[in-house]
$ cat query.pdb   # PDB, C-alpha atoms
ATOM      1  CA  MET T   1      -4.086  10.377  -6.923
ATOM      2  CA  ASP T   2      -6.806   7.819  -7.607
ATOM      3  CA  ALA T   3      -6.796   4.100  -6.895
ATOM      4  CA  LYS T   4      -9.644   1.754  -7.755
ATOM      5  CA  VAL T   5     -10.607  -1.811  -6.895
ATOM      6  CA  ILE T   6     -13.253  -3.619  -8.939
ATOM      7  CA  TRP T   7     -14.964  -6.689  -7.526
ATOM      8  CA  ASN T   8     -14.513  -9.935  -9.450
ATOM      9  CA  GLY T   9     -16.650 -12.149  -7.236
ATOM     10  CA  ARG T  10     -16.063 -13.685  -3.794
ATOM     11  CA  MET T  11     -13.104 -11.776  -2.267
ATOM     12  CA  THR T  12     -11.228 -11.087  -5.503
ATOM     13  CA  PHE T  13     -10.606  -7.556  -6.776
ATOM     14  CA  ASP T  14      -8.803  -6.061  -9.742
ATOM     15  CA  ALA T  15      -6.845  -3.049  -8.511
ATOM     16  CA  SER T  16      -5.435  -0.214 -10.572
ATOM     17  CA  ALA T  17      -4.233   3.344 -10.148
ATOM     18  CA  ASP T  18      -3.204   6.430 -12.122
ATOM     19  CA  SER T  19      -0.105   4.790 -13.616
ATOM     20  CA  GLY T  20      -2.378   2.360 -15.476
ATOM     21  CA  PHE T  21      -0.989  -0.859 -14.014
ATOM     22  CA  HIS T  22      -3.175  -3.616 -12.581
ATOM     23  CA  VAL T  23      -2.737  -6.071  -9.742
ATOM     24  CA  ARG T  24      -5.079  -8.642  -8.242
ATOM     25  CA  LEU T  25      -6.136  -8.647  -4.612
ATOM     26  CA  GLY T  26      -7.434 -11.749  -2.861
ATOM     27  CA  ALA T  27      -8.109 -13.110   0.589
ATOM     28  CA  GLU T  28      -7.485 -16.219   2.664
ATOM     29  CA  PRO T  29      -9.907 -19.160   2.326
ATOM     30  CA  GLU T  30     -10.747 -18.674   6.050
ATOM     31  CA  VAL T  31     -12.490 -15.404   5.198
ATOM     32  CA  GLY T  32     -14.142 -16.656   2.029
ATOM     33  CA  GLY T  33     -11.331 -15.879  -0.396
ATOM     34  CA  ASP T  34      -9.458 -17.969  -2.935
ATOM     35  CA  ASN T  35      -5.906 -16.921  -2.078
ATOM     36  CA  ASP T  36      -5.702 -15.509  -5.596
ATOM     37  CA  GLY T  37      -4.003 -12.167  -4.994
ATOM     38  CA  PHE T  38      -2.225  -9.836  -2.605
ATOM     39  CA  ARG T  39      -3.797  -9.054   0.763
ATOM     40  CA  PRO T  40      -4.592  -5.324   1.010
ATOM     41  CA  MET T  41      -2.249  -4.772   3.964
ATOM     42  CA  GLU T  42       0.565  -6.358   1.953
ATOM     43  CA  MET T  43       0.078  -3.580  -0.600
ATOM     44  CA  ILE T  44       0.633  -1.055   2.156
ATOM     45  CA  ALA T  45       3.815  -2.726   3.424
ATOM     46  CA  ILE T  46       5.072  -2.958  -0.188
ATOM     47  CA  GLY T  47       4.309   0.729  -0.666
ATOM     48  CA  LEU T  48       6.434   1.550   2.372
ATOM     49  CA  ALA T  49       9.316  -0.675   1.222
ATOM     50  CA  GLY T  50       9.198   0.643  -2.345
ATOM     51  CA  CYS T  51       8.957   4.265  -1.324
ATOM     52  CA  THR T  52      12.110   4.234   0.778
ATOM     53  CA  ALA T  53      13.922   1.852  -1.594
ATOM     54  CA  MET T  54      13.465   4.264  -4.518
ATOM     55  CA  ASP T  55      14.741   7.173  -2.431
ATOM     56  CA  VAL T  56      17.805   5.269  -1.268
ATOM     57  CA  ILE T  57      18.825   3.856  -4.660
ATOM     58  CA  SER T  58      18.332   7.237  -6.245
ATOM     59  CA  ILE T  59      20.494   9.014  -3.645
ATOM     60  CA  LEU T  60      23.198   6.309  -3.771
ATOM     61  CA  SER T  61      23.308   6.708  -7.529
ATOM     62  CA  LYS T  62      23.701  10.497  -7.201
ATOM     63  CA  LYS T  63      26.514   9.859  -4.718
ATOM     64  CA  ARG T  64      28.177   7.669  -7.391
ATOM     65  CA  GLN T  65      28.072   4.546  -5.270
ATOM     66  CA  GLU T  66      28.597   1.357  -7.276
ATOM     67  CA  VAL T  67      25.599  -0.685  -6.150
ATOM     68  CA  THR T  68      25.279  -4.157  -7.675
ATOM     69  CA  ALA T  69      22.317  -5.499  -5.685
ATOM     70  CA  PHE T  70      19.815  -3.906  -3.364
ATOM     71  CA  GLU T  71      16.757  -5.005  -1.495
ATOM     72  CA  VAL T  72      14.544  -3.583   1.192
ATOM     73  CA  VAL T  73      12.471  -5.741   3.508
ATOM     74  CA  VAL T  74       9.697  -4.411   5.730
ATOM     75  CA  HIS T  75       8.769  -6.541   8.724
ATOM     76  CA  ALA T  76       5.475  -5.161  10.018
ATOM     77  CA  GLY T  77       3.991  -6.106  13.375
ATOM     78  CA  ARG T  78       0.220  -6.047  13.774
ATOM     79  CA  ALA T  79      -2.125  -5.599  16.681
ATOM     80  CA  ALA T  80      -3.803  -8.795  17.865
ATOM     81  CA  GLU T  81      -7.251  -7.198  18.035
ATOM     82  CA  HIS T  82      -9.405  -5.757  15.259
ATOM     83  CA  PRO T  83      -8.744  -3.584  13.337
ATOM     84  CA  LYS T  84      -5.294  -5.223  13.503
ATOM     85  CA  VAL T  85      -3.337  -2.106  12.591
ATOM     86  CA  PHE T  86       0.398  -2.139  12.014
ATOM     87  CA  ASN T  87       1.875  -1.213  15.381
ATOM     88  CA  GLN T  88       5.603  -1.466  14.675
ATOM     89  CA  ALA T  89       7.923  -1.967  11.737
ATOM     90  CA  LEU T  90      11.491  -2.838  10.977
ATOM     91  CA  ILE T  91      12.915  -1.741   7.641
ATOM     92  CA  GLU T  92      15.997  -3.625   6.524
ATOM     93  CA  TYR T  93      18.241  -2.225   3.777
ATOM     94  CA  GLN T  94      20.585  -4.786   2.200
ATOM     95  CA  VAL T  95      23.073  -3.233  -0.201
ATOM     96  CA  SER T  96      25.780  -5.000  -2.193
ATOM     97  CA  GLY T  97      28.388  -3.174  -4.225
ATOM     98  CA  ARG T  98      32.018  -2.285  -4.691
ATOM     99  CA  SER T  99      33.691  -0.297  -1.917
ATOM    100  CA  LEU T 100      30.421   1.190  -0.754
ATOM    101  CA  ASP T 101      30.665   4.167   1.572
ATOM    102  CA  GLU T 102      28.744   3.519   4.794
ATOM    103  CA  GLN T 103      28.207   7.241   5.384
ATOM    104  CA  ALA T 104      26.670   7.640   1.931
ATOM    105  CA  LEU T 105      24.218   4.845   2.704
ATOM    106  CA  LEU T 106      23.328   6.249   6.118
ATOM    107  CA  ARG T 107      22.757   9.682   4.629
ATOM    108  CA  ALA T 108      20.508   8.159   1.950
ATOM    109  CA  ILE T 109      18.506   6.261   4.573
ATOM    110  CA  GLU T 110      18.226   9.403   6.665
ATOM    111  CA  LEU T 111      17.061  11.613   3.790
ATOM    112  CA  SER T 112      14.394   9.055   2.912
ATOM    113  CA  ALA T 113      13.233   8.704   6.520
ATOM    114  CA  VAL T 114      13.086  12.379   7.417
ATOM    115  CA  ARG T 115      12.603  14.246   4.145
ATOM    116  CA  TYR T 116      11.500  12.355   1.044
ATOM    117  CA  CYS T 117       9.501   9.209   1.675
ATOM    118  CA  PRO T 118       5.816  10.023   2.241
ATOM    119  CA  ALA T 119       5.048   6.526   3.507
ATOM    120  CA  GLN T 120       7.724   6.741   6.202
ATOM    121  CA  ALA T 121       6.610  10.257   7.151
ATOM    122  CA  MET T 122       3.057   8.960   7.599
ATOM    123  CA  PHE T 123       3.855   5.735   9.417
ATOM    124  CA  ASN T 124       6.444   7.415  11.654
ATOM    125  CA  GLN T 125       3.502   9.240  13.190
ATOM    126  CA  LEU T 126       1.699   5.983  13.945
ATOM    127  CA  MET T 127       4.297   3.510  15.150
ATOM    128  CA  PRO T 128       7.969   3.016  15.943
ATOM    129  CA  ILE T 129      10.023   2.121  12.856
ATOM    130  CA  GLU T 130      13.505   0.649  13.240
ATOM    131  CA  LEU T 131      15.984   1.046  10.400
ATOM    132  CA  HIS T 132      18.583  -1.700   9.967
ATOM    133  CA  TYR T 133      21.208  -1.980   7.256
ATOM    134  CA  GLN T 134      23.728  -4.450   5.892
ATOM    135  CA  ILE T 135      26.522  -3.576   3.484
ATOM    136  CA  TYR T 136      28.062  -6.372   1.400
ATOM    137  CA  GLU T 137      31.173  -6.252  -0.763
ATOM    138  CA  ASP T 138      30.394  -7.767  -4.145
ATOM    139  CA  LEU T 139      33.159 -10.273  -4.907
ATOM    140  CA  GLY T 140      31.871 -11.115  -8.384
ATOM    141  CA  GLU T 141      30.561 -14.454  -9.636
ATOM    142  CA  GLY T 142      27.556 -14.247  -7.319
ATOM    143  CA  GLN T 143      29.763 -14.081  -4.198
ATOM    144  CA  ARG T 144      29.514 -11.392  -1.556
ATOM    145  CA  THR T 145      30.771 -10.818   1.958
ATOM    146  CA  LEU T 146      29.201  -8.798   4.760
ATOM    147  CA  VAL T 147      31.368  -5.800   5.596
ATOM    148  CA  LYS T 148      29.138  -3.774   7.880
ATOM    149  CA  SER T 149      25.742  -3.920   9.526
ATOM    150  CA  GLY T 150      23.987  -1.743  12.014
ATOM    151  CA  VAL T 151      20.921   0.071  13.222
ATOM    152  CA  PHE T 152      20.370   3.630  12.088
ATOM    153  CA  THR T 153      18.485   6.202  14.151
ATOM    154  CA  PRO T 154      17.749   9.397  12.236
ATOM    155  CA  ALA T 155      18.307  12.573  14.257
ATOM    156  CA  VAL T 156      14.788  13.918  13.739
TER     157      VAL T 156
ATOM    158  CA  MET W   1       4.000  -9.661   7.932
ATOM    159  CA  ASP W   2       6.957  -9.255   5.590
ATOM    160  CA  ALA W   3       7.144  -7.370   2.321
ATOM    161  CA  LYS W   4      10.218  -7.190   0.122
ATOM    162  CA  VAL W   5      11.344  -5.152  -2.857
ATOM    163  CA  ILE W   6      14.306  -6.284  -4.960
ATOM    164  CA  TRP W   7      16.088  -3.824  -7.216
ATOM    165  CA  ASN W   8      16.048  -4.590 -10.938
ATOM    166  CA  GLY W   9      18.110  -1.605 -12.104
ATOM    167  CA  ARG W  10      17.307   2.082 -12.508
ATOM    168  CA  MET W  11      14.064   2.674 -10.517
ATOM    169  CA  THR W  12      12.486  -0.737 -11.092
ATOM    170  CA  PHE W  13      11.744  -3.132  -8.241
ATOM    171  CA  ASP W  14      10.127  -6.544  -7.967
ATOM    172  CA  ALA W  15       7.860  -6.519  -4.921
ATOM    173  CA  SER W  16       6.465  -9.502  -3.064
ATOM    174  CA  ALA W  17       4.974 -10.368   0.301
ATOM    175  CA  ASP W  18       3.936 -13.308   2.461
ATOM    176  CA  SER W  19       1.128 -14.398   0.138
ATOM    177  CA  GLY W  20       3.745 -15.162  -2.529
ATOM    178  CA  PHE W  21       2.443 -12.835  -5.230
ATOM    179  CA  HIS W  22       4.658 -10.425  -7.152
ATOM    180  CA  VAL W  23       4.131  -6.962  -8.580
ATOM    181  CA  ARG W  24       6.471  -4.551 -10.294
ATOM    182  CA  LEU W  25       7.175  -1.057  -9.019
ATOM    183  CA  GLY W  26       8.502   1.717 -11.242
ATOM    184  CA  ALA W  27       8.929   5.455 -11.329
ATOM    185  CA  GLU W  28       8.326   8.394 -13.660
ATOM    186  CA  PRO W  29      10.962   9.217 -16.275
ATOM    187  CA  GLU W  30      11.401  12.626 -14.565
ATOM    188  CA  VAL W  31      12.982  10.880 -11.582
ATOM    189  CA  GLY W  32      15.031   8.426 -13.617
ATOM    190  CA  GLY W  33      12.417   5.688 -13.944
ATOM    191  CA  ASP W  34      10.972   3.842 -16.918
ATOM    192  CA  ASN W  35       7.279   4.041 -16.009
ATOM    193  CA  ASP W  36       7.311   0.266 -15.839
ATOM    194  CA  GLY W  37       5.327  -0.394 -12.676
ATOM    195  CA  PHE W  38       3.166   0.940  -9.867
ATOM    196  CA  ARG W  39       4.348   3.974  -7.911
ATOM    197  CA  PRO W  40       4.836   3.012  -4.220
ATOM    198  CA  MET W  41       2.189   5.464  -2.998
ATOM    199  CA  GLU W  42      -0.305   3.876  -5.408
ATOM    200  CA  MET W  43       0.237   0.599  -3.569
ATOM    201  CA  ILE W  44      -0.766   2.321  -0.363
ATOM    202  CA  ALA W  45      -3.932   3.830  -1.838
ATOM    203  CA  ILE W  46      -4.807   0.426  -3.343
ATOM    204  CA  GLY W  47      -4.269  -1.174   0.047
ATOM    205  CA  LEU W  48      -6.728   1.259   1.585
ATOM    206  CA  ALA W  49      -9.312   0.709  -1.165
ATOM    207  CA  GLY W  50      -8.944  -3.074  -1.070
ATOM    208  CA  CYS W  51      -9.060  -3.293   2.700
ATOM    209  CA  THR W  52     -12.395  -1.524   3.033
ATOM    210  CA  ALA W  53     -13.787  -3.118  -0.155
ATOM    211  CA  MET W  54     -13.213  -6.623   1.213
ATOM    212  CA  ASP W  55     -14.891  -5.712   4.488
ATOM    213  CA  VAL W  56     -17.909  -4.200   2.778
ATOM    214  CA  ILE W  57     -18.487  -6.992   0.250
ATOM    215  CA  SER W  58     -18.080  -9.575   2.980
ATOM    216  CA  ILE W  59     -20.604  -7.867   5.261
ATOM    217  CA  LEU W  60     -23.094  -7.282   2.416
ATOM    218  CA  SER W  61     -22.865 -10.943   1.565
ATOM    219  CA  LYS W  62     -23.548 -11.928   5.204
ATOM    220  CA  LYS W  63     -26.543  -9.586   5.120
ATOM    221  CA  ARG W  64     -27.764 -11.487   2.035
ATOM    222  CA  GLN W  65     -27.660  -8.450  -0.214
ATOM    223  CA  GLU W  66     -27.767  -9.312  -3.917
ATOM    224  CA  VAL W  67     -24.750  -7.366  -5.176
ATOM    225  CA  THR W  68     -24.039  -7.642  -8.901
ATOM    226  CA  ALA W  69     -21.203  -5.132  -9.236
ATOM    227  CA  PHE W  70     -19.059  -3.286  -6.730
ATOM    228  CA  GLU W  71     -16.134  -0.949  -6.863
ATOM    229  CA  VAL W  72     -14.305   1.268  -4.432
ATOM    230  CA  VAL W  73     -12.322   4.315  -5.515
ATOM    231  CA  VAL W  74      -9.884   6.163  -3.265
ATOM    232  CA  HIS W  75      -9.109   9.749  -4.222
ATOM    233  CA  ALA W  76      -6.079  10.745  -2.178
ATOM    234  CA  GLY W  77      -4.865  14.325  -1.828
ATOM    235  CA  ARG W  78      -1.181  14.950  -1.272
ATOM    236  CA  ALA W  79       0.841  17.698   0.344
ATOM    237  CA  ALA W  80       2.612  19.998  -2.119
ATOM    238  CA  GLU W  81       5.918  19.875  -0.224
ATOM    239  CA  HIS W  82       8.217  16.929   0.464
ATOM    240  CA  PRO W  83       7.613  14.344   1.815
ATOM    241  CA  LYS W  84       4.280  14.818  -0.025
ATOM    242  CA  VAL W  85       2.215  12.782   2.423
ATOM    243  CA  PHE W  86      -1.439  11.976   1.832
ATOM    244  CA  ASN W  87      -3.320  14.741   3.637
ATOM    245  CA  GLN W  88      -6.932  13.907   2.785
ATOM    246  CA  ALA W  89      -8.899  11.130   1.145
ATOM    247  CA  LEU W  90     -12.307  10.449  -0.276
ATOM    248  CA  ILE W  91     -13.456   6.847  -0.470
ATOM    249  CA  GLU W  92     -16.279   6.196  -2.909
ATOM    250  CA  TYR W  93     -18.331   2.998  -2.699
ATOM    251  CA  GLN W  94     -20.313   2.187  -5.854
ATOM    252  CA  VAL W  95     -22.647  -0.770  -5.408
ATOM    253  CA  SER W  96     -25.009  -2.252  -7.987
ATOM    254  CA  GLY W  97     -27.541  -4.927  -7.173
ATOM    255  CA  ARG W  98     -31.157  -5.909  -6.871
ATOM    256  CA  SER W  99     -33.242  -4.080  -4.272
ATOM    257  CA  LEU W 100     -30.198  -3.255  -2.159
ATOM    258  CA  ASP W 101     -30.891  -2.056   1.373
ATOM    259  CA  GLU W 102     -29.268   1.328   2.002
ATOM    260  CA  GLN W 103     -29.047   0.696   5.742
ATOM    261  CA  ALA W 104     -27.210  -2.579   5.159
ATOM    262  CA  LEU W 105     -24.655  -0.760   3.019
ATOM    263  CA  LEU W 106     -24.220   2.047   5.536
ATOM    264  CA  ARG W 107     -23.728  -0.451   8.345
ATOM    265  CA  ALA W 108     -21.132  -2.316   6.265
ATOM    266  CA  ILE W 109     -19.268   0.925   5.519
ATOM    267  CA  GLU W 110     -19.405   1.894   9.184
ATOM    268  CA  LEU W 111     -18.141  -1.470  10.443
ATOM    269  CA  SER W 112     -15.234  -1.281   8.022
ATOM    270  CA  ALA W 113     -14.414   2.319   8.971
ATOM    271  CA  VAL W 114     -14.607   1.958  12.726
ATOM    272  CA  ARG W 115     -13.943  -1.694  13.484
ATOM    273  CA  TYR W 116     -12.403  -3.912  10.824
ATOM    274  CA  CYS W 117     -10.254  -2.140   8.261
ATOM    275  CA  PRO W 118      -6.717  -1.618   9.584
ATOM    276  CA  ALA W 119      -5.830   0.780   6.778
ATOM    277  CA  GLN W 120      -8.760   3.054   7.582
ATOM    278  CA  ALA W 121      -7.998   2.878  11.302
ATOM    279  CA  MET W 122      -4.438   3.973  10.589
ATOM    280  CA  PHE W 123      -5.184   6.706   8.054
ATOM    281  CA  ASN W 124      -8.088   8.059  10.098
ATOM    282  CA  GLN W 125      -5.460   9.125  12.610
ATOM    283  CA  LEU W 126      -3.512  11.030   9.960
ATOM    284  CA  MET W 127      -6.040  12.798   7.765
ATOM    285  CA  PRO W 128      -9.717  13.440   7.181
ATOM    286  CA  ILE W 129     -11.380  10.686   5.141
ATOM    287  CA  GLU W 130     -14.770  11.289   3.529
ATOM    288  CA  LEU W 131     -16.974   8.303   2.742
ATOM    289  CA  HIS W 132     -19.306   8.628  -0.253
ATOM    290  CA  TYR W 133     -21.648   5.971  -1.630
ATOM    291  CA  GLN W 134     -23.819   5.327  -4.650
ATOM    292  CA  ILE W 135     -26.420   2.581  -4.893
ATOM    293  CA  TYR W 136     -27.528   1.437  -8.342
ATOM    294  CA  GLU W 137     -30.409  -0.850  -9.251
ATOM    295  CA  ASP W 138     -29.205  -3.480 -11.669
ATOM    296  CA  LEU W 139     -31.690  -3.578 -14.546
ATOM    297  CA  GLY W 140     -30.006  -6.486 -16.322
ATOM    298  CA  GLU W 141     -28.347  -6.484 -19.722
ATOM    299  CA  GLY W 142     -25.612  -4.145 -18.491
ATOM    300  CA  GLN W 143     -28.101  -1.407 -17.566
ATOM    301  CA  ARG W 144     -28.318   0.209 -14.153
ATOM    302  CA  THR W 145     -29.963   3.239 -12.629
ATOM    303  CA  LEU W 146     -28.805   5.328  -9.659
ATOM    304  CA  VAL W 147     -31.274   4.972  -6.793
ATOM    305  CA  LYS W 148     -29.436   6.603  -3.926
ATOM    306  CA  SER W 149     -26.228   8.445  -3.199
ATOM    307  CA  GLY W 150     -24.885  10.189  -0.153
ATOM    308  CA  VAL W 151     -22.087  10.952   2.238
ATOM    309  CA  PHE W 152     -21.689   8.756   5.275
ATOM    310  CA  THR W 153     -20.188   9.969   8.540
ATOM    311  CA  PRO W 154     -19.507   7.161  11.015
ATOM    312  CA  ALA W 155     -20.469   7.970  14.589
ATOM    313  CA  VAL W 156     -17.021   7.287  16.049
TER     314      VAL W 156
END

$ encode --input "query.pdb" --output "structure tokens"
Amino acid sequence: MDAKVIWNGRMTFDASADSGFHVRLGAEPEVGGDNDGFRPMEMIAIGLAGCTAMDVISILSKKRQEVTAFEVVVHAGRAAEHPKVFNQALIEYQVSGRSLDEQALLRAIELSAVRYCPAQAMFNQLMPIELHYQIYEDLGEGQRTLVKSGVFTPAV
Amino acid sequence: MDAKVIWNGRMTFDASADSGFHVRLGAEPEVGGDNDGFRPMEMIAIGLAGCTAMDVISILSKKRQEVTAFEVVVHAGRAAEHPKVFNQALIEYQVSGRSLDEQALLRAIELSAVRYCPAQAMFNQLMPIELHYQIYEDLGEGQRTLVKSGVFTPAV
């Protein structure tokens, strides 16, 4: 897979990859940027969130779960000193739906963490990653109620 | 740092992060997607390319190099089996300018690789990364000529 960034002056880059899409990268004014695009490390955290999110939604769909809303948040901690690597992460899965099966969700999270998601497989080798989840019952008309939340530890 | 992906149906997600920008993620039709956005692992390769590109352009600018065009390409190899992690990478730095100093470029690449770029620091622990560079003399009017190319191995 190829990814390319082309300089557009100062700290601004046009980024693209094999799929043909484009996104702009930029930096903070403190480092000479114009705050006109994603920070590179944000791309990496988004890649991690998207990778596991696609696994989980795909598995939930195969398990015929009626999901009505779904989001994944990655909270990444960074070292204080250069090169300021990610040194821990918390991945939060928030799923809304109708009569969702907690075991189906946990199995989906587990399969992503230990088998399918390349980003998790890579970052698991570098730092501790906590997996949290919240299950909401969708009450219709934009209303939902929390029915279950917890921390999941895959049996790797 | 927080990154979030919100499900938009099928395999489509809206992704955002602390900087406030948004980008769409999508998947191949073969896995139920609509090819309507970046693949998650592309985001990670872009993060790596952008991270080192920002370091290098920033250092070249401090070294008063007259850069007229600059791009960084990441070629990432992936494992054949799930979870299909990145298992090798080649980062290619293509710099055009006027009378560019090869040593200045090599020092910039080295500082990024061993000191500043968090993505490189992380991925260096997971896989071999080759660093290639090409220096072009900018002849004006969109013309350039290759003056130097090579492989750089940081003395870590």

$ closest_atom_pairs --input "query.pdb" --of "chain T" --to "chain W" --cutoff "6 Å" --atoms "only C-alpha atoms" --output "JSON lines"
{"residue": "T:Met1", "atom": "CA", "partner": "W:Ala76", "partner_atom": "CA", "distance": 5.2}
{"residue": "T:Asp2", "atom": "CA", "partner": "W:His75", "partner_atom": "CA", "distance": 4.5}
{"residue": "T:Ala3", "atom": "CA", "partner": "W:Val74", "partner_atom": "CA", "distance": 5.2}
{"residue": "T:Lys4", "atom": "CA", "partner": "W:Val73", "partner_atom": "CA", "distance": 4.3}
{"residue": "T:Val5", "atom": "CA", "partner": "W:Val72", "partner_atom": "CA", "distance": 5.4}
{"residue": "T:Ile6", "atom": "CA", "partner": "W:Glu71", "partner_atom": "CA", "distance": 4.4}
{"residue": "T:Trp7", "atom": "CA", "partner": "W:Phe70", "partner_atom": "CA", "distance": 5.4}
{"residue": "T:Pro40", "atom": "CA", "partner": "W:Gly47", "partner_atom": "CA", "distance": 4.3}
{"residue": "T:Met41", "atom": "CA", "partner": "W:Gly47", "partner_atom": "CA", "distance": 5.7}
{"residue": "T:Met43", "atom": "CA", "partner": "W:Gly47", "partner_atom": "CA", "distance": 5.0}
{"residue": "T:Ile44", "atom": "CA", "partner": "W:Ile44", "partner_atom": "CA", "distance": 4.4}
{"residue": "T:Ala45", "atom": "CA", "partner": "W:Ala3", "partner_atom": "CA", "distance": 5.8}
{"residue": "T:Ile46", "atom": "CA", "partner": "W:Ala3", "partner_atom": "CA", "distance": 5.5}
{"residue": "T:Gly47", "atom": "CA", "partner": "W:Pro40", "partner_atom": "CA", "distance": 4.3}
{"residue": "T:Gly50", "atom": "CA", "partner": "W:Pro40", "partner_atom": "CA", "distance": 5.3}
{"residue": "T:Cys51", "atom": "CA", "partner": "W:Pro40", "partner_atom": "CA", "distance": 5.2}
{"residue": "T:Phe70", "atom": "CA", "partner": "W:Trp7", "partner_atom": "CA", "distance": 5.4}
{"residue": "T:Glu71", "atom": "CA", "partner": "W:Ile6", "partner_atom": "CA", "distance": 4.4}
{"residue": "T:Val72", "atom": "CA", "partner": "W:Val5", "partner_atom": "CA", "distance": 5.4}
{"residue": "T:Val73", "atom": "CA", "partner": "W:Lys4", "partner_atom": "CA", "distance": 4.3}
{"residue": "T:Val74", "atom": "CA", "partner": "W:Ala3", "partner_atom": "CA", "distance": 5.2}
{"residue": "T:His75", "atom": "CA", "partner": "W:Asp2", "partner_atom": "CA", "distance": 4.5}
{"residue": "T:Ala76", "atom": "CA", "partner": "W:Met1", "partner_atom": "CA", "distance": 5.2}
{"residue": "T:His82", "atom": "CA", "partner": "W:Tyr116", "partner_atom": "CA", "distance": 5.7}
{"residue": "T:Pro83", "atom": "CA", "partner": "W:Tyr116", "partner_atom": "CA", "distance": 4.5}
{"residue": "T:Lys84", "atom": "CA", "partner": "W:Pro118", "partner_atom": "CA", "distance": 5.5}
{"residue": "T:Val85", "atom": "CA", "partner": "W:Pro118", "partner_atom": "CA", "distance": 4.6}
{"residue": "T:Arg115", "atom": "CA", "partner": "W:Pro83", "partner_atom": "CA", "distance": 5.5}
{"residue": "T:Tyr116", "atom": "CA", "partner": "W:Pro83", "partner_atom": "CA", "distance": 4.4}
{"residue": "T:Cys117", "atom": "CA", "partner": "W:Pro83", "partner_atom": "CA", "distance": 5.5}
{"residue": "T:Pro118", "atom": "CA", "partner": "W:Val85", "partner_atom": "CA", "distance": 4.5}

$ axis_aligned_box --input "query.pdb" --around "region 32-46 of chain W" --padding-each-side "5 Å" --output "lines of an AutoDock Vina configuration file"
center_x = 5.1
center_y = 4.0
center_z = -8.6
size_x = 29.8
size_y = 18.8
size_z = 26.6

$ closest_residue --input "query.pdb" --among "T:Gly150, T:Arg64, T:Ala155, T:Gln143" --to "Leu111 (chain T)" --atoms "only C-alpha atoms"
T:Ala155

$ residues_around --input "query.pdb" --residues "Ala108 (chain T)" --least-positions-apart "5" --cutoff "8 Å" --atoms "all atoms listed in the file" --output "JSON, numbers by chain"
{"T": [55, 56, 59, 60]}

$ atom_distance --input "query.pdb" --atom1 "CA of Gly97 (chain W)" --atom2 "CA of Leu139 (chain W)"
8.6 Å

$ atom_distance --input "query.pdb" --atom1 "CA of Lys63 (chain T)" --atom2 "CA of Ala104 (chain T)"
7.0 Å

$ resolve_selection --input "query.pdb" --expression "the PyMOL selection byres ((chain W and resi 138) around 6)" --output "list in words"
Ser96, Gly97, Arg98, Glu137, Leu139, Gly140 and Arg144 of chain W

$ write_last_selection --input "query.pdb" --atoms "C-alpha atoms" --output "PDB file, in the coordinates of the input"
ATOM      1  CA  SER W  96     -25.009  -2.252  -7.987  1.00  0.00           C
ATOM      2  CA  GLY W  97     -27.541  -4.927  -7.173  1.00  0.00           C
ATOM      3  CA  ARG W  98     -31.157  -5.909  -6.871  1.00  0.00           C
ATOM      4  CA  GLU W 137     -30.409  -0.850  -9.251  1.00  0.00           C
ATOM      5  CA  LEU W 139     -31.690  -3.578 -14.546  1.00  0.00           C
ATOM      6  CA  GLY W 140     -30.006  -6.486 -16.322  1.00  0.00           C
ATOM      7  CA  ARG W 144     -28.318   0.209 -14.153  1.00  0.00           C
TER       8      ARG W 144
END

$ atom_distance --input "query.pdb" --atom1 "CA of Ser149 (chain W)" --atom2 "CA of Ile109 (chain W)"
13.5 Å

$ closest_residue --input "query.pdb" --among "T:Arg107, T:Leu100, T:Pro29, T:Ala80" --to "Leu146 (chain T)" --atoms "all atoms listed in the file"
T:Leu100
